[in-house]
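See structure below.
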Amino acid sequence: MKMSKKEHKEMMSEIKEDFMETITNIIDDKEFASIHNITYNNDFTEINMVVDQEQFENSFDGFVTLNLGVSSLFYQAFQGKDLEKEKVTILLEDSATNEIFQEIIYPDVLDEMEDELE
């Protein structure tokens with residue numbers, strides 16, 4: 001598939017807006033009560049989630065990391081980045097202590113999940 005640079009730029013802008021809207025919706029959704037805030041860098045290669053650690057670990061809110069990680073990988077792919085080299089890091093920060101309690105790296109975690117299933 002070929003597209004002009006202008007078309008690619010417009011497409012990337014739409015993808016970025018959609019991703020940012022998804023993040024806002026997650027933060028605002030009462031179903032994800034443990035998630036207090038989500039910040040990210042400009043190219044979505046680093047995402048920081050501020051959560052209530054105990055509540056987060058005792059809920060299904062962790063599935064949000066899968067959504068964010070895979071969405072970010074799609075963004076990277078459309079940017080033309082090499083997904084063998086590029087990584088997306090999701091940091092989980094406890095809202096009470098401001099300490100990072102978990103680091104999830106995509107696509108590595110997907111390979112780990114696949115290995116566990118075998």
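As shown in the structure tokens, the chain order sets the letters A, B, ...; within each chain, residues go from 1, and ligands are also counted from 1 in the order they appear.
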
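With only C-alpha atoms taken into account, the protein and nucleic acid residues at most 12 Å from A:Lys5 (excluding it and anything under 6 positions from it in its own chain) are Met11, Met12 and Gln79 of chain A.
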
Those residues you just picked out, can you put them in a file as a CSV table (one decimal), in the first residue's frame with C-alpha atoms?
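Below you can see again.csv, which holds the result:
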chain,number,residue,atom,x,y,z
A,11,MET,CA,-3.4,8.9,9.4
A,12,MET,CA,-0.8,9.1,12.2
A,79,GLN,CA,5.4,4.8,12.2

Exercise for the section: Tell me, as a ChimeraX atom specification, which residues lie within 10 Å of A:Glu86, counting only C-alpha atoms; anything in the same chain fewer than 2 positions away does not count. Expected result: /A:45,73,76-77,81-84,88-89,106-107

Using all heavy atoms, can you write the selected residues to a file as a compact mmCIF listing (two decimals), in the first residue's frame?
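Just written: result.txt:
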# COMPACT_ATOMS: atom_id res chain seq x y z
N THR A 45 6.08 5.23 23.46
CA THR A 45 7.00 4.14 23.77
C THR A 45 7.19 3.97 25.27
O THR A 45 7.72 2.96 25.72
CB THR A 45 8.38 4.35 23.11
OG1 THR A 45 8.89 5.63 23.50
CG2 THR A 45 8.29 4.25 21.60
N LEU A 73 2.10 -0.71 20.11
CA LEU A 73 2.86 -1.45 19.10
C LEU A 73 2.31 -1.17 17.70
O LEU A 73 3.09 -1.01 16.75
CB LEU A 73 2.85 -2.95 19.39
CG LEU A 73 3.68 -3.41 20.57
CD1 LEU A 73 3.46 -4.91 20.80
CD2 LEU A 73 5.16 -3.12 20.37
N GLN A 76 3.58 2.15 16.67
CA GLN A 76 4.99 2.04 16.27
C GLN A 76 5.10 1.44 14.87
O GLN A 76 5.90 1.91 14.04
CB GLN A 76 5.79 1.18 17.26
CG GLN A 76 5.73 1.60 18.71
CD GLN A 76 6.00 3.07 18.95
OE1 GLN A 76 6.95 3.61 18.41
NE2 GLN A 76 5.16 3.69 19.74
N ALA A 77 4.31 0.41 14.60
CA ALA A 77 4.36 -0.25 13.28
C ALA A 77 3.98 0.72 12.17
O ALA A 77 4.64 0.77 11.13
CB ALA A 77 3.45 -1.47 13.28
N LYS A 81 8.53 1.77 12.44
CA LYS A 81 9.61 1.33 13.33
C LYS A 81 9.76 -0.18 13.29
O LYS A 81 8.80 -0.91 13.05
CB LYS A 81 9.34 1.82 14.75
CG LYS A 81 9.39 3.34 14.85
CD LYS A 81 9.35 3.79 16.27
CE LYS A 81 9.48 5.31 16.32
NZ LYS A 81 9.41 5.81 17.68
N ASP A 82 10.96 -0.64 13.55
CA ASP A 82 11.27 -2.06 13.58
C ASP A 82 10.86 -2.61 14.95
O ASP A 82 11.52 -2.33 15.95
CB ASP A 82 12.77 -2.26 13.34
CG ASP A 82 13.18 -3.72 13.31
OD1 ASP A 82 12.35 -4.60 13.63
OD2 ASP A 82 14.35 -3.99 12.98
N LEU A 83 9.81 -3.40 14.99
CA LEU A 83 9.30 -3.91 16.26
C LEU A 83 10.21 -4.96 16.88
O LEU A 83 10.00 -5.35 18.03
CB LEU A 83 7.88 -4.44 16.10
CG LEU A 83 6.84 -3.41 15.69
CD1 LEU A 83 5.45 -4.02 15.61
CD2 LEU A 83 6.83 -2.21 16.63
N GLU A 84 11.20 -5.42 16.14
CA GLU A 84 12.21 -6.31 16.72
C GLU A 84 13.16 -5.52 17.61
O GLU A 84 13.73 -6.06 18.55
CB GLU A 84 12.99 -7.03 15.63
CG GLU A 84 12.17 -7.98 14.78
CD GLU A 84 11.70 -9.20 15.57
OE1 GLU A 84 12.47 -9.71 16.40
OE2 GLU A 84 10.55 -9.61 15.34
N VAL A 88 8.09 -0.99 23.89
CA VAL A 88 7.13 -0.15 24.57
C VAL A 88 7.18 -0.55 26.04
O VAL A 88 7.04 -1.71 26.37
CB VAL A 88 5.71 -0.35 24.01
CG1 VAL A 88 4.69 0.41 24.84
CG2 VAL A 88 5.65 0.06 22.55
N THR A 89 7.42 0.42 26.90
CA THR A 89 7.52 0.15 28.33
C THR A 89 6.34 0.75 29.05
O THR A 89 6.05 1.94 28.90
CB THR A 89 8.83 0.75 28.90
OG1 THR A 89 9.94 0.20 28.17
CG2 THR A 89 8.97 0.44 30.37
N TYR A 106 6.71 -4.43 26.05
CA TYR A 106 6.13 -5.02 24.84
C TYR A 106 7.12 -4.86 23.70
O TYR A 106 7.79 -3.85 23.64
CB TYR A 106 4.82 -4.30 24.48
CG TYR A 106 3.67 -4.71 25.36
CD1 TYR A 106 3.46 -4.11 26.59
CD2 TYR A 106 2.82 -5.73 24.98
CE1 TYR A 106 2.41 -4.49 27.40
CE2 TYR A 106 1.77 -6.11 25.78
CZ TYR A 106 1.57 -5.49 27.00
OH TYR A 106 0.53 -5.88 27.81
N PRO A 107 7.27 -5.83 22.82
CA PRO A 107 6.48 -7.05 22.68
C PRO A 107 7.00 -8.22 23.53
O PRO A 107 6.44 -9.31 23.46
CB PRO A 107 6.61 -7.36 21.19
CG PRO A 107 7.96 -6.87 20.83
CD PRO A 107 8.17 -5.64 21.69

Exercise for the section: Taking the chain letters and numbering used in this document, name the residues of chain A that DSSP puts in strand (DSSP E or B), as an MDAnalysis selection string. Expected result: chainID A and resid 35:40 46:51 88:94 100:106

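Among A:Glu46, A:Asp28, A:Ser34, A:Gly80, the residue with the shortest atom-to-atom distance to A:Asn58, counting only C-alpha atoms, is A:Ser34.
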
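What separates atom CA of A:Met1 from atom CA of A:Ser71 is a distance of 20.8 Å.
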
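Put simply, atom CA of A:Val51 is 11.1 Å away from atom CA of A:Gln102.
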
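Rounded to one decimal, atom CA of A:Phe44 and atom CA of A:Tyr75 lie 7.8 Å from each other.
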
Which of chain A end up as helix (DSSP H, G or I) when DSSP is run on this backbone - answer as a PDB file with N, CA, C and O atoms, in the first residue's frame?
ATOM      1  N   LYS A   5       3.083  11.362   1.827  1.00  0.00           N
ATOM      2  CA  LYS A   5       3.527  11.749   3.170  1.00  0.00           C
ATOM      3  C   LYS A   5       2.411  12.487   3.898  1.00  0.00           C
ATOM      4  O   LYS A   5       2.230  12.322   5.102  1.00  0.00           O
ATOM      5  N   LYS A   6       1.671  13.292   3.164  1.00  0.00           N
ATOM      6  CA  LYS A   6       0.565  14.036   3.761  1.00  0.00           C
ATOM      7  C   LYS A   6      -0.499  13.081   4.286  1.00  0.00           C
ATOM      8  O   LYS A   6      -0.996  13.253   5.410  1.00  0.00           O
ATOM      9  N   GLU A   7      -0.855  12.082   3.480  1.00  0.00           N
ATOM     10  CA  GLU A   7      -1.851  11.096   3.911  1.00  0.00           C
ATOM     11  C   GLU A   7      -1.355  10.316   5.131  1.00  0.00           C
ATOM     12  O   GLU A   7      -2.125  10.051   6.059  1.00  0.00           O
ATOM     13  N   HIS A   8      -0.084   9.953   5.130  1.00  0.00           N
ATOM     14  CA  HIS A   8       0.484   9.226   6.267  1.00  0.00           C
ATOM     15  C   HIS A   8       0.444  10.088   7.520  1.00  0.00           C
ATOM     16  O   HIS A   8       0.082   9.620   8.607  1.00  0.00           O
ATOM     17  N   LYS A   9       0.802  11.350   7.371  1.00  0.00           N
ATOM     18  CA  LYS A   9       0.786  12.257   8.519  1.00  0.00           C
ATOM     19  C   LYS A   9      -0.630  12.394   9.078  1.00  0.00           C
ATOM     20  O   LYS A   9      -0.827  12.376  10.298  1.00  0.00           O
ATOM     21  N   GLU A  10      -1.612  12.514   8.200  1.00  0.00           N
ATOM     22  CA  GLU A  10      -3.009  12.613   8.636  1.00  0.00           C
ATOM     23  C   GLU A  10      -3.446  11.331   9.340  1.00  0.00           C
ATOM     24  O   GLU A  10      -4.112  11.378  10.377  1.00  0.00           O
ATOM     25  N   MET A  11      -3.073  10.181   8.774  1.00  0.00           N
ATOM     26  CA  MET A  11      -3.432   8.906   9.375  1.00  0.00           C
ATOM     27  C   MET A  11      -2.807   8.776  10.762  1.00  0.00           C
ATOM     28  O   MET A  11      -3.472   8.377  11.722  1.00  0.00           O
ATOM     29  N   MET A  12      -1.531   9.148  10.889  1.00  0.00           N
ATOM     30  CA  MET A  12      -0.845   9.051  12.180  1.00  0.00           C
ATOM     31  C   MET A  12      -1.479   9.991  13.195  1.00  0.00           C
ATOM     32  O   MET A  12      -1.610   9.646  14.375  1.00  0.00           O
ATOM     33  N   SER A  13      -1.903  11.140  12.750  1.00  0.00           N
ATOM     34  CA  SER A  13      -2.569  12.089  13.635  1.00  0.00           C
ATOM     35  C   SER A  13      -3.878  11.495  14.159  1.00  0.00           C
ATOM     36  O   SER A  13      -4.199  11.610  15.349  1.00  0.00           O
ATOM     37  N   GLU A  14      -4.638  10.853  13.283  1.00  0.00           N
ATOM     38  CA  GLU A  14      -5.896  10.222  13.684  1.00  0.00           C
ATOM     39  C   GLU A  14      -5.647   9.072  14.655  1.00  0.00           C
ATOM     40  O   GLU A  14      -6.364   8.940  15.657  1.00  0.00           O
ATOM     41  N   ILE A  15      -4.643   8.249  14.372  1.00  0.00           N
ATOM     42  CA  ILE A  15      -4.319   7.132  15.257  1.00  0.00           C
ATOM     43  C   ILE A  15      -3.912   7.658  16.630  1.00  0.00           C
ATOM     44  O   ILE A  15      -4.346   7.138  17.661  1.00  0.00           O
ATOM     45  N   LYS A  16      -3.103   8.705  16.638  1.00  0.00           N
ATOM     46  CA  LYS A  16      -2.648   9.293  17.897  1.00  0.00           C
ATOM     47  C   LYS A  16      -3.831   9.853  18.689  1.00  0.00           C
ATOM     48  O   LYS A  16      -3.951   9.622  19.892  1.00  0.00           O
ATOM     49  N   GLU A  17      -4.717  10.572  18.018  1.00  0.00           N
ATOM     50  CA  GLU A  17      -5.898  11.123  18.687  1.00  0.00           C
ATOM     51  C   GLU A  17      -6.768  10.015  19.262  1.00  0.00           C
ATOM     52  O   GLU A  17      -7.261  10.127  20.397  1.00  0.00           O
ATOM     53  N   ASP A  18      -6.956   8.945  18.491  1.00  0.00           N
ATOM     54  CA  ASP A  18      -7.766   7.819  18.965  1.00  0.00           C
ATOM     55  C   ASP A  18      -7.128   7.173  20.196  1.00  0.00           C
ATOM     56  O   ASP A  18      -7.828   6.813  21.153  1.00  0.00           O
ATOM     57  N   PHE A  19      -5.814   7.036  20.168  1.00  0.00           N
ATOM     58  CA  PHE A  19      -5.106   6.416  21.294  1.00  0.00           C
ATOM     59  C   PHE A  19      -5.215   7.297  22.537  1.00  0.00           C
ATOM     60  O   PHE A  19      -5.476   6.814  23.644  1.00  0.00           O
ATOM     61  N   MET A  20      -5.049   8.585  22.354  1.00  0.00           N
ATOM     62  CA  MET A  20      -5.166   9.514  23.487  1.00  0.00           C
ATOM     63  C   MET A  20      -6.593   9.501  24.049  1.00  0.00           C
ATOM     64  O   MET A  20      -6.789   9.561  25.266  1.00  0.00           O
ATOM     65  N   GLU A  21      -7.586   9.389  23.177  1.00  0.00           N
ATOM     66  CA  GLU A  21      -8.974   9.305  23.623  1.00  0.00           C
ATOM     67  C   GLU A  21      -9.210   8.002  24.398  1.00  0.00           C
ATOM     68  O   GLU A  21      -9.906   8.000  25.421  1.00  0.00           O
ATOM     69  N   THR A  22      -8.633   6.917  23.929  1.00  0.00           N
ATOM     70  CA  THR A  22      -8.734   5.641  24.642  1.00  0.00           C
ATOM     71  C   THR A  22      -8.173   5.770  26.050  1.00  0.00           C
ATOM     72  O   THR A  22      -8.780   5.308  27.023  1.00  0.00           O
ATOM     73  N   ILE A  23      -7.024   6.414  26.165  1.00  0.00           N
ATOM     74  CA  ILE A  23      -6.392   6.606  27.473  1.00  0.00           C
ATOM     75  C   ILE A  23      -7.295   7.447  28.384  1.00  0.00           C
ATOM     76  O   ILE A  23      -7.513   7.095  29.542  1.00  0.00           O
ATOM     77  N   THR A  24      -7.848   8.518  27.853  1.00  0.00           N
ATOM     78  CA  THR A  24      -8.754   9.364  28.632  1.00  0.00           C
ATOM     79  C   THR A  24      -9.971   8.563  29.093  1.00  0.00           C
ATOM     80  O   THR A  24     -10.398   8.662  30.248  1.00  0.00           O
ATOM     81  N   ASN A  25     -10.514   7.749  28.201  1.00  0.00           N
ATOM     82  CA  ASN A  25     -11.678   6.930  28.548  1.00  0.00           C
ATOM     83  C   ASN A  25     -11.355   5.927  29.653  1.00  0.00           C
ATOM     84  O   ASN A  25     -12.191   5.679  30.531  1.00  0.00           O
ATOM     85  N   ILE A  26     -10.159   5.354  29.615  1.00  0.00           N
ATOM     86  CA  ILE A  26      -9.757   4.409  30.660  1.00  0.00           C
ATOM     87  C   ILE A  26      -9.689   5.121  32.003  1.00  0.00           C
ATOM     88  O   ILE A  26     -10.189   4.618  33.010  1.00  0.00           O
ATOM     89  N   ILE A  27      -9.063   6.285  32.019  1.00  0.00           N
ATOM     90  CA  ILE A  27      -8.931   7.045  33.268  1.00  0.00           C
ATOM     91  C   ILE A  27     -10.311   7.411  33.820  1.00  0.00           C
ATOM     92  O   ILE A  27     -10.544   7.325  35.035  1.00  0.00           O
ATOM     93  N   ASP A  28     -11.222   7.800  32.955  1.00  0.00           N
ATOM     94  CA  ASP A  28     -12.547   8.262  33.375  1.00  0.00           C
ATOM     95  C   ASP A  28     -13.523   7.126  33.694  1.00  0.00           C
ATOM     96  O   ASP A  28     -14.539   7.360  34.357  1.00  0.00           O
ATOM     97  N   LYS A  30     -15.269   4.299  35.471  1.00  0.00           N
ATOM     98  CA  LYS A  30     -15.382   3.845  36.859  1.00  0.00           C
ATOM     99  C   LYS A  30     -15.143   2.336  36.982  1.00  0.00           C
ATOM    100  O   LYS A  30     -14.883   1.835  38.075  1.00  0.00           O
ATOM    101  N   GLU A  31     -15.216   1.599  35.872  1.00  0.00           N
ATOM    102  CA  GLU A  31     -14.934   0.161  35.891  1.00  0.00           C
ATOM    103  C   GLU A  31     -13.466  -0.119  36.223  1.00  0.00           C
ATOM    104  O   GLU A  31     -13.136  -1.187  36.713  1.00  0.00           O
ATOM    105  N   PHE A  32     -12.608   0.839  35.930  1.00  0.00           N
ATOM    106  CA  PHE A  32     -11.178   0.703  36.218  1.00  0.00           C
ATOM    107  C   PHE A  32     -10.833   1.570  37.423  1.00  0.00           C
ATOM    108  O   PHE A  32     -10.030   2.493  37.348  1.00  0.00           O
ATOM    109  N   GLN A  53      -2.094   0.225  43.973  1.00  0.00           N
ATOM    110  CA  GLN A  53      -1.446  -1.063  43.744  1.00  0.00           C
ATOM    111  C   GLN A  53      -2.269  -2.239  44.259  1.00  0.00           C
ATOM    112  O   GLN A  53      -2.483  -3.214  43.528  1.00  0.00           O
ATOM    113  N   GLU A  54      -2.725  -2.167  45.487  1.00  0.00           N
ATOM    114  CA  GLU A  54      -3.471  -3.294  46.052  1.00  0.00           C
ATOM    115  C   GLU A  54      -4.756  -3.546  45.270  1.00  0.00           C
ATOM    116  O   GLU A  54      -5.067  -4.683  44.915  1.00  0.00           O
ATOM    117  N   GLN A  55      -5.471  -2.495  44.992  1.00  0.00           N
ATOM    118  CA  GLN A  55      -6.717  -2.620  44.232  1.00  0.00           C
ATOM    119  C   GLN A  55      -6.439  -3.127  42.816  1.00  0.00           C
ATOM    120  O   GLN A  55      -7.164  -3.982  42.300  1.00  0.00           O
ATOM    121  N   PHE A  56      -5.375  -2.623  42.205  1.00  0.00           N
ATOM    122  CA  PHE A  56      -5.000  -3.025  40.854  1.00  0.00           C
ATOM    123  C   PHE A  56      -4.678  -4.519  40.804  1.00  0.00           C
ATOM    124  O   PHE A  56      -5.134  -5.232  39.909  1.00  0.00           O
ATOM    125  N   GLU A  57      -3.894  -4.978  41.765  1.00  0.00           N
ATOM    126  CA  GLU A  57      -3.465  -6.373  41.780  1.00  0.00           C
ATOM    127  C   GLU A  57      -4.594  -7.334  42.125  1.00  0.00           C
ATOM    128  O   GLU A  57      -4.485  -8.527  41.866  1.00  0.00           O
ATOM    129  N   PHE A  63      -5.693  -5.884  32.624  1.00  0.00           N
ATOM    130  CA  PHE A  63      -5.901  -6.108  31.193  1.00  0.00           C
ATOM    131  C   PHE A  63      -5.745  -4.821  30.391  1.00  0.00           C
ATOM    132  O   PHE A  63      -5.508  -4.851  29.185  1.00  0.00           O
ATOM    133  N   VAL A  64      -5.877  -3.690  31.064  1.00  0.00           N
ATOM    134  CA  VAL A  64      -5.672  -2.406  30.401  1.00  0.00           C
ATOM    135  C   VAL A  64      -4.249  -2.327  29.841  1.00  0.00           C
ATOM    136  O   VAL A  64      -4.034  -1.760  28.767  1.00  0.00           O
ATOM    137  N   THR A  65      -3.287  -2.902  30.551  1.00  0.00           N
ATOM    138  CA  THR A  65      -1.901  -2.844  30.068  1.00  0.00           C
ATOM    139  C   THR A  65      -1.765  -3.551  28.728  1.00  0.00           C
ATOM    140  O   THR A  65      -0.992  -3.114  27.873  1.00  0.00           O
ATOM    141  N   LEU A  66      -2.513  -4.626  28.528  1.00  0.00           N
ATOM    142  CA  LEU A  66      -2.484  -5.336  27.251  1.00  0.00           C
ATOM    143  C   LEU A  66      -3.036  -4.448  26.140  1.00  0.00           C
ATOM    144  O   LEU A  66      -2.438  -4.331  25.070  1.00  0.00           O
ATOM    145  N   ASN A  67      -4.153  -3.804  26.408  1.00  0.00           N
ATOM    146  CA  ASN A  67      -4.754  -2.887  25.433  1.00  0.00           C
ATOM    147  C   ASN A  67      -3.769  -1.776  25.071  1.00  0.00           C
ATOM    148  O   ASN A  67      -3.538  -1.491  23.889  1.00  0.00           O
ATOM    149  N   LEU A  68      -3.179  -1.142  26.084  1.00  0.00           N
ATOM    150  CA  LEU A  68      -2.252  -0.043  25.828  1.00  0.00           C
ATOM    151  C   LEU A  68      -0.993  -0.517  25.112  1.00  0.00           C
ATOM    152  O   LEU A  68      -0.503   0.140  24.193  1.00  0.00           O
ATOM    153  N   GLY A  69      -0.463  -1.654  25.544  1.00  0.00           N
ATOM    154  CA  GLY A  69       0.758  -2.168  24.938  1.00  0.00           C
ATOM    155  C   GLY A  69       0.584  -2.519  23.472  1.00  0.00           C
ATOM    156  O   GLY A  69       1.388  -2.130  22.617  1.00  0.00           O
ATOM    157  N   VAL A  70      -0.487  -3.234  23.160  1.00  0.00           N
ATOM    158  CA  VAL A  70      -0.731  -3.639  21.771  1.00  0.00           C
ATOM    159  C   VAL A  70      -1.062  -2.417  20.913  1.00  0.00           C
ATOM    160  O   VAL A  70      -0.572  -2.293  19.784  1.00  0.00           O
ATOM    161  N   SER A  71      -1.858  -1.501  21.450  1.00  0.00           N
ATOM    162  CA  SER A  71      -2.180  -0.287  20.692  1.00  0.00           C
ATOM    163  C   SER A  71      -0.918   0.515  20.385  1.00  0.00           C
ATOM    164  O   SER A  71      -0.750   1.037  19.277  1.00  0.00           O
ATOM    165  N   SER A  72      -0.025   0.587  21.352  1.00  0.00           N
ATOM    166  CA  SER A  72       1.222   1.313  21.136  1.00  0.00           C
ATOM    167  C   SER A  72       2.089   0.612  20.088  1.00  0.00           C
ATOM    168  O   SER A  72       2.726   1.266  19.264  1.00  0.00           O
ATOM    169  N   LEU A  73       2.102  -0.713  20.114  1.00  0.00           N
ATOM    170  CA  LEU A  73       2.862  -1.447  19.097  1.00  0.00           C
ATOM    171  C   LEU A  73       2.313  -1.172  17.698  1.00  0.00           C
ATOM    172  O   LEU A  73       3.087  -1.006  16.747  1.00  0.00           O
ATOM    173  N   PHE A  74       0.995  -1.111  17.564  1.00  0.00           N
ATOM    174  CA  PHE A  74       0.402  -0.769  16.266  1.00  0.00           C
ATOM    175  C   PHE A  74       0.833   0.627  15.838  1.00  0.00           C
ATOM    176  O   PHE A  74       1.174   0.855  14.674  1.00  0.00           O
ATOM    177  N   TYR A  75       0.841   1.557  16.779  1.00  0.00           N
ATOM    178  CA  TYR A  75       1.279   2.917  16.471  1.00  0.00           C
ATOM    179  C   TYR A  75       2.724   2.895  15.977  1.00  0.00           C
ATOM    180  O   TYR A  75       3.052   3.538  14.976  1.00  0.00           O
ATOM    181  N   GLN A  76       3.577   2.148  16.669  1.00  0.00           N
ATOM    182  CA  GLN A  76       4.990   2.045  16.272  1.00  0.00           C
ATOM    183  C   GLN A  76       5.104   1.443  14.871  1.00  0.00           C
ATOM    184  O   GLN A  76       5.895   1.908  14.042  1.00  0.00           O
ATOM    185  N   ALA A  77       4.311   0.406  14.596  1.00  0.00           N
ATOM    186  CA  ALA A  77       4.362  -0.253  13.283  1.00  0.00           C
ATOM    187  C   ALA A  77       3.975   0.716  12.169  1.00  0.00           C
ATOM    188  O   ALA A  77       4.636   0.775  11.127  1.00  0.00           O
ATOM    189  N   PHE A  78       2.922   1.486  12.381  1.00  0.00           N
ATOM    190  CA  PHE A  78       2.506   2.447  11.364  1.00  0.00           C
ATOM    191  C   PHE A  78       3.501   3.590  11.214  1.00  0.00           C
ATOM    192  O   PHE A  78       3.550   4.242  10.173  1.00  0.00           O
ATOM    193  N   ASP A 108       8.027  -8.010  24.338  1.00  0.00           N
ATOM    194  CA  ASP A 108       8.631  -9.106  25.102  1.00  0.00           C
ATOM    195  C   ASP A 108       7.607  -9.874  25.925  1.00  0.00           C
ATOM    196  O   ASP A 108       7.640 -11.108  25.979  1.00  0.00           O
ATOM    197  N   VAL A 109       6.696  -9.160  26.573  1.00  0.00           N
ATOM    198  CA  VAL A 109       5.722  -9.817  27.439  1.00  0.00           C
ATOM    199  C   VAL A 109       4.797 -10.731  26.633  1.00  0.00           C
ATOM    200  O   VAL A 109       4.335 -11.751  27.134  1.00  0.00           O
ATOM    201  N   LEU A 110       4.547 -10.399  25.376  1.00  0.00           N
ATOM    202  CA  LEU A 110       3.714 -11.256  24.533  1.00  0.00           C
ATOM    203  C   LEU A 110       4.416 -12.586  24.269  1.00  0.00           C
ATOM    204  O   LEU A 110       3.779 -13.643  24.274  1.00  0.00           O
ATOM    205  N   ASP A 111       5.730 -12.528  24.058  1.00  0.00           N
ATOM    206  CA  ASP A 111       6.507 -13.756  23.875  1.00  0.00           C
ATOM    207  C   ASP A 111       6.496 -14.589  25.144  1.00  0.00           C
ATOM    208  O   ASP A 111       6.363 -15.820  25.089  1.00  0.00           O
ATOM    209  N   GLU A 112       6.620 -13.946  26.291  1.00  0.00           N
ATOM    210  CA  GLU A 112       6.579 -14.645  27.572  1.00  0.00           C
ATOM    211  C   GLU A 112       5.234 -15.320  27.779  1.00  0.00           C
ATOM    212  O   GLU A 112       5.157 -16.451  28.255  1.00  0.00           O
ATOM    213  N   MET A 113       4.153 -14.622  27.414  1.00  0.00           N
ATOM    214  CA  MET A 113       2.803 -15.189  27.553  1.00  0.00           C
ATOM    215  C   MET A 113       2.656 -16.403  26.653  1.00  0.00           C
ATOM    216  O   MET A 113       2.070 -17.416  27.047  1.00  0.00           O
ATOM    217  N   GLU A 114       3.188 -16.307  25.445  1.00  0.00           N
ATOM    218  CA  GLU A 114       3.108 -17.419  24.495  1.00  0.00           C
ATOM    219  C   GLU A 114       3.872 -18.621  25.024  1.00  0.00           C
ATOM    220  O   GLU A 114       3.400 -19.751  24.949  1.00  0.00           O
ATOM    221  N   ASP A 115       5.062 -18.377  25.596  1.00  0.00           N
ATOM    222  CA  ASP A 115       5.865 -19.466  26.154  1.00  0.00           C
ATOM    223  C   ASP A 115       5.140 -20.165  27.304  1.00  0.00           C
ATOM    224  O   ASP A 115       5.214 -21.380  27.443  1.00  0.00           O
ATOM    225  N   GLU A 116       4.433 -19.389  28.120  1.00  0.00           N
ATOM    226  CA  GLU A 116       3.702 -19.955  29.248  1.00  0.00           C
ATOM    227  C   GLU A 116       2.545 -20.838  28.786  1.00  0.00           C
ATOM    228  O   GLU A 116       2.181 -21.797  29.468  1.00  0.00           O
ATOM    229  N   LEU A 117       1.984 -20.533  27.645  1.00  0.00           N
ATOM    230  CA  LEU A 117       0.875 -21.310  27.122  1.00  0.00           C
ATOM    231  C   LEU A 117       1.325 -22.643  26.517  1.00  0.00           C
ATOM    232  O   LEU A 117       0.528 -23.567  26.405  1.00  0.00           O
TER     233      LEU A 117
END
